[in-house]
Amino acid sequence: MCVMRQIIILLIVLIASVNMLAGENVCNVDSMISIDIRHGLPESRVRGLYSLSDGRLAVLTPGFLTFFDGITFKSSPLEYEKGLEIESIGKNRIIAQDKEGRLWIKTPSTRNDEKSRVNVFDVSSGEDITMDVISQVGGLKIRGLYVDDAGDVWVIDQENNLTHLQNDTNRRYLNLDSICNDVPFELSVKDGKIYLLYSDGKVCVENLDSSTIELMASPPLTEENWRLINSGVRWHNGKLWLSFYIPGNNDKGLIAVLDPLDGSWSMNYLNEIVNDFIIDNDGNLINGFDGIKGEISCFLQDQNGGIWIGTVNDGLCYMNPRRLFLVKNYKTPERLPKSGYYPTDRCYKNGLKYADGSVNSSVEDIATGFVFLATRKGLFVIDEKDRLLGVIDEKYGLPHTNVQGVIAGIPCNHDGSDSICDVWFSTTTSLSRLRYLPEKRFEIINIGILDGLQLEGKEFISQSMTLDSCGVLKVAYPGGYSSLNPNDVYDSDYVKYDFPYKLSKNLKESSDATRLFSLWWILGSILILSIFCIVFLSHKRKKKLALDILTPERETVEDDVFESLSVVNHYDNLVNKVKEEEPTPSEVNFSSPDEEFKKRLNDIIFEHLDDETLNVASLSGLLAMDRTNLYRKMQSVFGLSPSVYIRNVRLEAACRLLKETDIPIAEVAMRTGFSSAKYFSSTFKEKYGILPSKFRSGLE
């Protein structure tokens, strides 16, 4: 009877431990940010994640390694043929960083290649440096390669020797023949002990100091065909958590927990495969989130407490209550006051001097005397003496160089300092802050989709930034506006870019003779240059007269190309009117299922009508469609390729501008996305059989 009672008590304790292990396997969240190819992710199939020490995220997708700083993606191709060959172990892609900051990428075998591959990347440059690392391996043929949590690199050679790779000398620890001839799925190091994890669940623990085996343990599996998932390995409270699956069966999963102190196991059987998981502070297993439709491939928790979720086919998801929705988007349109291209004379003069007049908006910072020009080539920074200090562009984390708006004198008081007010500026899809620092430096941070700024393919409008009476920054986009309290942006939560600038050398005081010599040198140079220009223009005029005599009927557009453009509002009422009138590039009767696609397509093209870089690749990204699928869809709906369709929309918009305005042809070309007036004229004539100037004159 006593024995029976002890057995019952033991069963109750065992059941309680299993229930505690299971916990809540789905996490309920109010909101989550989705990130996919519309935002710059090169592939929607995420296979691995790694949080870098500088705050960036490394994302592994088939064919690419991508670095993400919260707003900008920078991708490097994975050239498998350059990789180190190792024996095929597992189907998961592994990404890890060593002590020297290098990223090691392990990709599984394919149908065409039985070997797995390991590529190594430099974190700073994003370049593949595998060939440089091969010399450290010593040219040996490798069976297995691993990077542990501390950043140490371990290899298993053809003789089954386990070796620790070091800069000066490689230390060989032991031969694994006495343990198992198979290559371990995973390797982990904890408290001076190395854990070798095999596909059948066997765990071998070796003491690194004494090189002796301390533990050989296998979980009490109910079936022999359970296999370890090499990405599902976690440590929590000194215990090792392992995920298992049965090949070909998606309805069964298993989490086994090993206590290395006594070699005991706790088992948790699930109704689904768990590729990866997170363990919360209470010891609960989290392997799913509400709101995620697709299958989850990997999890990651970064330094700021944010949780990254990689999906099999639907890109990334991000959740962090501290970072969600600093930027709030409102669908209700708001008429934001526009500052104009040039609010001051200095802005106007510097815009003509440094940006050829192609300025989206500008501002003069009264506190410092600096001038900031928002242009398609970036944010131009001009000092108080009207000298160009530099251009803030993609090198400083901007998603692209098209800066739409800029506003200065925005206080930021969360740190309690009395520093000079910040400058905020917007690109077409992002917000950025510029802060003055000592020693001729600026600090730049970029606010993106991690803070709730998801415009669903829309873009911010030029000159649309304003600061309301409550100190809230507002930026308009077609159909709505976004708001941000600058005091909610804390430096510690962002990747910061340092922008050092060098002022042009001041003219030093010199003697009267030196100044007189410099004056004569300048006057002489001006005289020689003037003579050269007179001779050149005279020769060019004679050549033009000769051409006019030979071809009196020749129509030219050169005068339009070199015509100085007047400063006009790039988004005036007429262009808005043109964009509202939906063109019909081809006479097609659309079926109802195609109407929504047609509307989305036209909306995107109209929003990027003046963007000459819009092409098939960027259009497919904005539509979140594969290029091949986009081409097939447009052929079936319109009977046209995407490039021809974009060209026809541009030309029909140009026709309206030629009919209803008298702006120069070069301006028409720029507003409708053509790179030059000459290219616009040739394309126009190819489509309509007449030059734009003839088309306009025929309407008079």
# chains A, B, ... in the order shown; residues from 1 in each chain; ligands from 1
>>> residues_around(residues="segment 611-618 of chain A", least_positions_apart="5", cutoff="12 Å", atoms="only C-alpha atoms", output="PyMOL selection string")
chain A and resi 37-40+42+376+400-402+428+457+459+601+604-606+623-631+634+641-647+650+669-676+679-680
>>> residues_around(residues="Arg441 of chain A", least_positions_apart="4", cutoff="7 Å", atoms="only C-alpha atoms", output="VMD selection string")
chain A and resid 436 to 437 498 to 501
>>> write_last_selection(atoms="N, CA and C atoms", output="CSV table (one decimal), in the first residue's frame")
chain,number,residue,atom,x,y,z
A,436,TYR,N,22.9,68.4,-33.5
A,436,TYR,CA,24.2,69.0,-33.5
A,436,TYR,C,25.1,68.4,-32.4
A,437,LEU,N,26.3,68.1,-32.7
A,437,LEU,CA,27.3,67.6,-31.7
A,437,LEU,C,28.5,68.4,-31.7
A,498,ASP,N,27.1,58.8,-37.3
A,498,ASP,CA,28.0,59.9,-37.1
A,498,ASP,C,28.3,60.6,-38.4
A,499,PHE,N,28.1,61.9,-38.5
A,499,PHE,CA,28.3,62.6,-39.7
A,499,PHE,C,29.3,63.7,-39.5
A,500,PRO,N,30.6,63.4,-39.6
A,500,PRO,CA,31.7,64.4,-39.4
A,500,PRO,C,31.8,65.2,-40.6
A,501,TYR,N,32.0,66.5,-40.5
A,501,TYR,CA,32.2,67.4,-41.7
A,501,TYR,C,33.4,68.2,-41.5
>>> residues_around(residues="Ser361 of chain A", least_positions_apart="4", cutoff="6 Å", atoms="only C-alpha atoms", output="list in words")
Tyr341, Ala374, Gly405 and Gln463 of chain A
>>> write_last_selection(atoms="C-alpha atoms", output="PDB file, in the first residue's frame")
ATOM      1  CA  TYR A 341      10.810  75.773 -51.689  1.00  0.00           C
ATOM      2  CA  ALA A 374      15.954  68.758 -49.114  1.00  0.00           C
ATOM      3  CA  GLY A 405      10.780  67.935 -46.304  1.00  0.00           C
ATOM      4  CA  GLN A 463       7.137  70.331 -48.090  1.00  0.00           C
TER       5      GLN A 463
END
>>> select_by_dssp(residues="segment 176-416 of chain A", states="strand (DSSP E)", output="PyMOL selection string")
chain A and resi 186-190+193-197+203-207+212-217+227-236+239-246+249-259+264-270+278-279+285-286+296-301+307-311+316-319+327-330+359-364+371-375+378-382+388-392+403-410
>>> closest_atom_pairs(of="segment 29-125 of chain A", to="segment 385-394 of chain A", cutoff="12 Å", atoms="only C-alpha atoms", output="tab-separated table")
residue	atom	partner	partner_atom	distance
A:Ile71	CA	A:Glu394	CA	11.1
A:Thr72	CA	A:Glu394	CA	8.7
A:Phe73	CA	A:Glu394	CA	10.6
A:Lys74	CA	A:Glu394	CA	10.3
>>> decode(residues="segment 193-210 of chain A", atoms="C-alpha atoms", output="short mmCIF file (atom, residue, chain, number, x, y, z; two decimals), in the first residue's frame")
data_model
loop_
_atom_site.label_atom_id
_atom_site.label_comp_id
_atom_site.auth_asym_id
_atom_site.auth_seq_id
_atom_site.Cartn_x
_atom_site.Cartn_y
_atom_site.Cartn_z
CA LYS A 193 31.59 22.11 -20.64
CA ILE A 194 30.91 21.32 -24.26
CA TYR A 195 27.59 19.72 -25.27
CA LEU A 196 27.50 17.64 -28.44
CA LEU A 197 23.93 17.17 -29.67
CA TYR A 198 23.13 14.37 -32.15
CA SER A 199 20.16 13.91 -34.46
CA ASP A 200 18.70 10.99 -32.47
CA GLY A 201 18.63 13.05 -29.25
CA LYS A 202 21.85 11.76 -27.72
CA VAL A 203 23.71 14.42 -25.68
CA CYS A 204 27.40 14.06 -24.83
CA VAL A 205 28.87 16.42 -22.20
CA GLU A 206 32.64 16.85 -22.01
CA ASN A 207 34.68 18.83 -19.48
CA LEU A 208 36.97 21.17 -21.45
CA ASP A 209 39.60 21.41 -18.70
CA SER A 210 40.04 17.70 -18.09
#
